[in-house]
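Raw contents of model-v9.txt, compact mmCIF, C-alpha atoms:
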```txt
# COMPACT_ATOMS: atom_id res chain seq x y z
CA MET A 594 -16.40 -4.83 31.53
CA THR A 595 -12.65 -5.16 31.80
CA THR A 596 -11.22 -4.67 35.28
CA PRO A 597 -8.14 -2.48 35.72
CA ASN A 598 -6.07 -5.59 36.47
CA GLU A 599 -7.31 -7.34 33.31
CA ALA A 600 -6.61 -4.21 31.25
CA PHE A 601 -3.09 -4.04 32.67
CA GLN A 602 -2.51 -7.70 31.79
CA ILE A 603 -3.74 -7.18 28.21
CA ILE A 604 -1.56 -4.09 27.76
CA ASN A 605 1.46 -5.79 29.33
CA ALA A 606 1.05 -8.94 27.19
CA GLY A 607 0.75 -6.81 24.06
CA HIS A 608 3.85 -4.80 24.87
CA GLN A 609 5.75 -8.02 25.52
CA ALA A 610 4.59 -9.61 22.24
CA TRP A 611 5.57 -6.50 20.28
CA ALA A 612 8.96 -6.32 22.01
CA GLN A 613 9.60 -10.03 21.36
CA ALA A 614 8.67 -9.72 17.67
CA ASN A 615 11.18 -6.88 17.34
CA ARG A 616 13.83 -8.71 19.40
CA ASP A 617 13.48 -11.74 17.12
CA HIS A 618 14.58 -9.59 14.18
CA ARG A 619 17.34 -7.82 16.11
CA LEU A 620 18.93 -11.05 17.29
CA ALA A 621 18.33 -13.07 14.14
CA PRO A 622 21.05 -15.11 12.55
CA PRO A 623 21.42 -14.29 8.85
CA ASP A 624 18.25 -15.35 7.04
CA ALA A 625 17.25 -18.28 9.26
CA GLY A 626 13.50 -18.31 9.66
CA PHE A 627 13.04 -14.87 8.10
CA SER A 628 9.53 -15.54 6.80
CA HIS A 629 8.50 -16.87 10.21
CA ARG A 630 9.87 -13.78 11.96
CA LEU A 631 7.95 -11.61 9.50
CA ALA A 632 4.77 -13.58 10.25
CA ASN A 633 5.28 -13.14 14.00
CA PHE A 634 5.93 -9.43 13.48
CA ALA A 635 2.68 -9.18 11.49
CA ARG A 636 0.78 -11.01 14.21
CA ALA A 637 2.16 -8.74 16.95
CA ALA A 638 1.22 -5.65 14.94
CA ALA A 639 -2.27 -7.04 14.31
CA GLU A 640 -2.74 -7.55 18.05
CA ALA A 641 -1.73 -3.98 18.88
CA PRO A 642 -5.32 -2.61 18.91
CA ARG A 643 -6.04 -4.97 21.83
CA TRP A 644 -3.35 -3.44 24.00
CA LEU A 645 -3.30 0.14 22.79
CA PRO A 646 -5.39 2.60 24.80
CA SER A 647 -9.00 2.83 23.68
CA GLY A 648 -9.34 6.56 24.22
CA SER A 649 -7.78 9.48 22.45
CA GLY A 650 -5.98 12.60 23.52
CA ARG A 651 -3.27 12.72 26.14
CA ARG A 652 -4.19 9.34 27.58
CA ALA A 653 -3.26 7.59 24.33
CA ARG A 654 0.04 9.45 24.14
CA MET A 655 0.91 8.70 27.75
CA GLU A 656 0.05 5.00 27.54
CA THR A 657 1.86 4.38 24.25
CA PRO A 658 5.28 3.20 25.35
CA GLY A 659 7.99 5.74 24.56
CA ARG A 660 10.35 3.03 23.40
CA CYS A 661 7.68 1.93 20.90
CA ARG A 662 7.52 5.47 19.49
CA LYS A 663 11.24 6.15 19.24
CA ARG A 664 13.03 2.86 18.59
CA PRO A 665 14.10 2.31 14.98
CA SER A 666 13.10 -0.84 13.13
CA PRO A 667 15.36 -3.85 13.64
CA TYR A 668 18.28 -3.88 11.20
CA GLU A 669 16.94 -6.98 9.42
CA LEU A 670 13.85 -4.96 8.40
CA ARG A 671 15.73 -1.90 7.14
CA THR A 672 16.53 -1.12 3.52
CA GLU A 673 20.30 -1.30 4.03
CA SER A 674 20.11 -4.89 5.32
CA GLY A 675 19.71 -6.41 1.86
CA ARG A 676 16.30 -7.77 2.77
CA ARG A 677 14.76 -10.38 0.49
CA GLY A 678 11.37 -10.31 -1.16
CA PRO A 679 9.44 -8.29 -3.72
CA ALA A 680 10.50 -4.63 -3.82
CA GLU A 681 6.89 -3.39 -4.05
CA LEU A 682 5.99 -5.26 -0.85
CA TRP A 683 8.99 -3.75 0.93
CA GLN A 684 7.91 -0.30 -0.27
CA ALA A 685 4.46 -0.90 1.23
CA PHE A 686 6.12 -2.14 4.45
CA ASP A 687 8.35 0.96 4.65
CA ALA A 688 5.32 3.20 4.09
CA ALA A 689 3.48 1.35 6.87
CA ILE A 690 6.46 1.80 9.21
CA ASP A 691 6.43 5.55 8.47
CA THR A 692 2.67 5.72 8.99
CA ARG A 693 3.00 3.93 12.34
CA ARG A 694 5.84 6.22 13.43
CA GLN A 695 3.79 9.32 12.53
CA ALA A 696 0.68 7.97 14.24
CA LEU A 697 2.64 7.26 17.42
CA GLU A 698 3.79 10.88 17.50
CA GLY A 699 0.15 11.94 17.73
CA THR A 700 -2.58 11.22 20.23
CA ASP A 701 -5.30 9.59 18.12
CA ALA A 702 -5.65 5.99 19.32
CA ARG A 703 -7.73 5.08 16.27
CA ALA A 704 -5.02 6.34 13.90
CA ILE A 705 -2.43 4.37 15.87
CA ALA A 706 -4.52 1.20 15.67
CA GLU A 707 -5.06 1.70 11.92
CA ALA A 708 -1.32 2.24 11.41
CA PHE A 709 -0.55 -1.02 13.22
CA ALA A 710 -3.18 -2.79 11.09
CA GLN A 711 -1.54 -1.43 7.91
CA LEU A 712 1.84 -2.60 9.19
CA ALA A 713 0.44 -6.04 10.03
CA ALA A 714 -0.97 -6.45 6.52
CA ALA A 715 2.28 -5.37 4.87
CA ALA A 716 4.40 -7.67 7.06
CA ARG A 717 2.02 -10.57 6.47
CA GLN A 718 2.26 -10.14 2.67
CA LEU A 719 6.05 -10.13 2.96
CA ALA A 720 6.04 -13.25 5.13
CA VAL A 721 3.95 -15.12 2.58
CA ALA A 722 6.12 -13.91 -0.33
CA VAL A 723 9.42 -14.76 1.38
CA ALA A 724 8.12 -18.19 2.41
CA ALA A 725 7.10 -18.82 -1.21
CA ILE A 726 10.54 -17.74 -2.46
CA ASP A 727 12.15 -20.09 0.06
CA GLY A 728 9.75 -22.86 -0.88
CA ILE A 729 8.70 -23.42 2.73
CA PRO A 730 5.29 -23.35 4.39
CA LEU A 731 4.67 -20.78 7.07
CA ASP A 732 2.76 -23.37 9.12
CA ASP A 733 0.82 -20.57 10.75
CA GLU A 734 -2.62 -20.56 9.16
CA THR A 735 -5.59 -22.64 10.07
CA GLU A 736 -7.97 -23.90 7.41
CA ASP A 737 -10.24 -20.89 7.83
CA GLY A 738 -7.35 -18.47 7.28
CA ASP A 739 -6.99 -17.33 10.88
CA SER A 740 -3.48 -17.00 12.17
CA ALA A 741 -2.12 -19.44 14.68
CA PRO A 742 1.25 -19.36 16.44
CA VAL A 743 4.10 -19.73 13.97
CA LYS A 744 6.20 -22.85 14.15
CA HIS A 745 9.79 -21.76 13.78
CA ALA A 746 11.92 -23.52 11.25
CA ALA A 747 15.28 -24.72 12.42
CA GLY A 748 18.05 -22.33 11.46
```

Represent the supplied structure as structure tokens.
Amino acid sequence: MTTPNEAFQIINAGHQAWAQANRDHRLAPPDAGFSHRLANFARAAAEAPRWLPSGSGRRARMETPGRCRKRPSPYELRTESGRRGPAELWQAFDAAIDTRRQALEGTDARAIAEAFAQLAAAARQLAVAVAAIDGIPLDDETEDGDSAPVKHAAG
């Protein structure tokens, strides 16, 4: 069983990973390492179920960070930024962002976790597509397909 201290550490690490993935897009130089940032964003979203509350009801709402619920997507991920990649994948990404935003307004931890999983899948597909367009490897998959930390390409 997880101790309260261990649970706090998991939640804190998850919040920090999510915040860093978003910061990476906010502070990004134009186009440098875009596919790698998308892959890190996908990974952070995929990890969200580990740090989101496991219950439902008010507890889930209270423990979901307010800044996570209300902060808009980084500019680099918004439609008006001129983002690169297949339009249909961006449409799926935008739908996943909306689903996550709606889920975070509610109190169902399972719905929130599923919304983050949908967002992770959409971001991952975009990362792979953008890397293919750029002709660069993502360098973030092991032979069995599991994700490993992304190696950032030099700007």

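Residues having any atom no farther than 9 Å from (0.3, -6.7, 24.2) (counting all atoms listed in the file) are Gln602, Ile603, Ile604, Asn605, Ala606, Gly607, His608, Gln609, Ala610, Trp611, Ala612, Ala637, Glu640, Ala641, Pro642, Arg643, Trp644 and Leu645 of chain A.
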
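Distance-wise, CA of Ala689 in chain A and CA of Leu712 in chain A end up 4.9 Å apart.
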
Subject >> Interatomic distance (Å, one decimal) between CA of Glu698 in chain A and CA of Gln718 in chain A >> reply: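 Taking CA of Glu698 in chain A and CA of Gln718 in chain A, their separation equals 25.8 Å.
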
Original post:
Taking only C-alpha atoms into account, which of A:Ala722, A:Arg693, A:Phe634, A:Gly728 comes nearest Ala706 in chain A?
Top reply: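 Once distances to Ala706 in chain A are computed over only C-alpha atoms, the minimum belongs to A:Arg693.
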
Subject >> Surrounding residues of range 665-677 of chain A excluding itself and chain neighbours under 3 positions, 7 Å, all atoms listed in the file, as a PyMOL selection string >> reply: chain A and resi 615+618-619+723

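Straight-line separation from CA of Leu631 in chain A to CA of Leu697 in chain A: 21.1 Å.
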
List the spatial neighbours of Ala713 in chain A as a compact mmCIF listing (two decimals) with C-alpha atoms, in the frame of the given file - criterion: any atom at most 6 Å away, all atoms listed in the file, same-chain residues fewer than 5 positions off excluded.
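selection.txt, written as the output of this step:
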```
# COMPACT_ATOMS: atom_id res chain seq x y z
CA ALA A 635 2.68 -9.18 11.49
CA ALA A 638 1.22 -5.65 14.94
CA ALA A 639 -2.27 -7.04 14.31
```

Original post:
Using all atoms listed in the file, which of A:Ala688, A:Ala724, A:Ala714, A:Ala704 sits nearest His629 in chain A?
Top reply: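 The answer is A:Ala724, which sits nearest to His629 in chain A.
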
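Of the listed residues (A:Asn633, A:Pro730, A:Thr700, A:Pro679), A:Asn633 comes nearest to Arg717 in chain A; the distances count only C-alpha atoms.
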
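Nearest residue to Phe627 in chain A, choosing from A:Ala710, A:Glu599, A:Ala614, A:Ala702 and counting all atoms listed in the file: A:Ala614.
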
Original post:
Hey, which of A:Gln711, A:Arg630, A:Thr596, A:Trp683 ends up closest to Ala696 in chain A? Count only C-alpha atoms.
Top reply: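 The shortest atom-to-atom distance to Ala696 in chain A comes from A:Gln711.
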
**OP:** Can you work out which one of A:Asp691, A:Gly699, A:Leu682, A:Leu731 has the shortest atom-to-atom distance to Ala715 in chain A, counting all atoms listed in the file?
**Re:**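 With all atoms listed in the file as the atom set, the closest residue is A:Leu682.
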
Will you model all heavy atoms for range 711-722 of chain A and pass it back as a PDB file, keeping the file's coordinate frame?
```
ATOM      1  N   GLN A 711      -2.213  -1.563   9.210  1.00  0.00           N
ATOM      2  CA  GLN A 711      -1.540  -1.430   7.910  1.00  0.00           C
ATOM      3  C   GLN A 711      -0.183  -2.132   7.946  1.00  0.00           C
ATOM      4  O   GLN A 711       0.189  -2.849   7.011  1.00  0.00           O
ATOM      5  CB  GLN A 711      -1.374   0.048   7.564  1.00  0.00           C
ATOM      6  CG  GLN A 711      -0.670   0.297   6.250  1.00  0.00           C
ATOM      7  CD  GLN A 711      -0.440   1.793   5.995  1.00  0.00           C
ATOM      8  OE1 GLN A 711      -0.969   2.664   6.683  1.00  0.00           O
ATOM      9  NE2 GLN A 711       0.357   2.091   4.999  1.00  0.00           N
ATOM     10  N   LEU A 712       0.538  -1.958   9.037  1.00  0.00           N
ATOM     11  CA  LEU A 712       1.840  -2.600   9.190  1.00  0.00           C
ATOM     12  C   LEU A 712       1.690  -4.118   9.242  1.00  0.00           C
ATOM     13  O   LEU A 712       2.472  -4.853   8.622  1.00  0.00           O
ATOM     14  CB  LEU A 712       2.542  -2.082  10.441  1.00  0.00           C
ATOM     15  CG  LEU A 712       3.921  -2.635  10.736  1.00  0.00           C
ATOM     16  CD1 LEU A 712       4.873  -2.399   9.572  1.00  0.00           C
ATOM     17  CD2 LEU A 712       4.462  -2.009  12.009  1.00  0.00           C
ATOM     18  N   ALA A 713       0.684  -4.597   9.942  1.00  0.00           N
ATOM     19  CA  ALA A 713       0.440  -6.040  10.030  1.00  0.00           C
ATOM     20  C   ALA A 713       0.177  -6.629   8.646  1.00  0.00           C
ATOM     21  O   ALA A 713       0.722  -7.684   8.293  1.00  0.00           O
ATOM     22  CB  ALA A 713      -0.730  -6.320  10.960  1.00  0.00           C
ATOM     23  N   ALA A 714      -0.642  -5.955   7.867  1.00  0.00           N
ATOM     24  CA  ALA A 714      -0.970  -6.450   6.520  1.00  0.00           C
ATOM     25  C   ALA A 714       0.272  -6.475   5.636  1.00  0.00           C
ATOM     26  O   ALA A 714       0.511  -7.452   4.912  1.00  0.00           O
ATOM     27  CB  ALA A 714      -2.060  -5.588   5.895  1.00  0.00           C
ATOM     28  N   ALA A 715       1.071  -5.431   5.699  1.00  0.00           N
ATOM     29  CA  ALA A 715       2.280  -5.370   4.870  1.00  0.00           C
ATOM     30  C   ALA A 715       3.273  -6.454   5.284  1.00  0.00           C
ATOM     31  O   ALA A 715       3.864  -7.132   4.431  1.00  0.00           O
ATOM     32  CB  ALA A 715       2.922  -3.981   4.981  1.00  0.00           C
ATOM     33  N   ALA A 716       3.464  -6.644   6.581  1.00  0.00           N
ATOM     34  CA  ALA A 716       4.400  -7.670   7.060  1.00  0.00           C
ATOM     35  C   ALA A 716       3.894  -9.060   6.709  1.00  0.00           C
ATOM     36  O   ALA A 716       4.684  -9.944   6.340  1.00  0.00           O
ATOM     37  CB  ALA A 716       4.602  -7.530   8.572  1.00  0.00           C
ATOM     38  N   ARG A 717       2.596  -9.271   6.803  1.00  0.00           N
ATOM     39  CA  ARG A 717       2.020 -10.570   6.470  1.00  0.00           C
ATOM     40  C   ARG A 717       2.251 -10.907   4.989  1.00  0.00           C
ATOM     41  O   ARG A 717       2.620 -12.023   4.636  1.00  0.00           O
ATOM     42  CB  ARG A 717       0.536 -10.595   6.802  1.00  0.00           C
ATOM     43  CG  ARG A 717      -0.149 -11.876   6.467  1.00  0.00           C
ATOM     44  CD  ARG A 717       0.326 -12.991   7.344  1.00  0.00           C
ATOM     45  NE  ARG A 717      -0.157 -14.248   6.793  1.00  0.00           N
ATOM     46  CZ  ARG A 717       0.331 -15.416   7.084  1.00  0.00           C
ATOM     47  NH1 ARG A 717       1.307 -15.508   7.948  1.00  0.00           N
ATOM     48  NH2 ARG A 717      -0.153 -16.503   6.557  1.00  0.00           N
ATOM     49  N   GLN A 718       2.030  -9.919   4.104  1.00  0.00           N
ATOM     50  CA  GLN A 718       2.260 -10.140   2.670  1.00  0.00           C
ATOM     51  C   GLN A 718       3.724 -10.495   2.417  1.00  0.00           C
ATOM     52  O   GLN A 718       4.022 -11.370   1.600  1.00  0.00           O
ATOM     53  CB  GLN A 718       1.854  -8.913   1.865  1.00  0.00           C
ATOM     54  CG  GLN A 718       0.360  -8.710   1.804  1.00  0.00           C
ATOM     55  CD  GLN A 718      -0.004  -7.465   1.018  1.00  0.00           C
ATOM     56  OE1 GLN A 718       0.697  -6.461   1.044  1.00  0.00           O
ATOM     57  NE2 GLN A 718      -1.122  -7.529   0.318  1.00  0.00           N
ATOM     58  N   LEU A 719       4.627  -9.822   3.107  1.00  0.00           N
ATOM     59  CA  LEU A 719       6.050 -10.130   2.960  1.00  0.00           C
ATOM     60  C   LEU A 719       6.364 -11.539   3.461  1.00  0.00           C
ATOM     61  O   LEU A 719       7.123 -12.271   2.822  1.00  0.00           O
ATOM     62  CB  LEU A 719       6.893  -9.116   3.724  1.00  0.00           C
ATOM     63  CG  LEU A 719       7.182  -7.836   2.975  1.00  0.00           C
ATOM     64  CD1 LEU A 719       7.695  -6.766   3.917  1.00  0.00           C
ATOM     65  CD2 LEU A 719       8.169  -8.096   1.847  1.00  0.00           C
ATOM     66  N   ALA A 720       5.793 -11.911   4.586  1.00  0.00           N
ATOM     67  CA  ALA A 720       6.040 -13.250   5.130  1.00  0.00           C
ATOM     68  C   ALA A 720       5.620 -14.322   4.137  1.00  0.00           C
ATOM     69  O   ALA A 720       6.364 -15.280   3.895  1.00  0.00           O
ATOM     70  CB  ALA A 720       5.292 -13.421   6.458  1.00  0.00           C
ATOM     71  N   VAL A 721       4.453 -14.151   3.549  1.00  0.00           N
ATOM     72  CA  VAL A 721       3.950 -15.120   2.580  1.00  0.00           C
ATOM     73  C   VAL A 721       4.861 -15.148   1.345  1.00  0.00           C
ATOM     74  O   VAL A 721       5.222 -16.227   0.854  1.00  0.00           O
ATOM     75  CB  VAL A 721       2.492 -14.783   2.189  1.00  0.00           C
ATOM     76  CG1 VAL A 721       2.030 -15.599   0.997  1.00  0.00           C
ATOM     77  CG2 VAL A 721       1.569 -15.006   3.384  1.00  0.00           C
ATOM     78  N   ALA A 722       5.264 -13.980   0.857  1.00  0.00           N
ATOM     79  CA  ALA A 722       6.120 -13.910  -0.330  1.00  0.00           C
ATOM     80  C   ALA A 722       7.488 -14.530  -0.072  1.00  0.00           C
ATOM     81  O   ALA A 722       8.000 -15.288  -0.907  1.00  0.00           O
ATOM     82  CB  ALA A 722       6.274 -12.459  -0.787  1.00  0.00           C
TER      83      ALA A 722
END
```
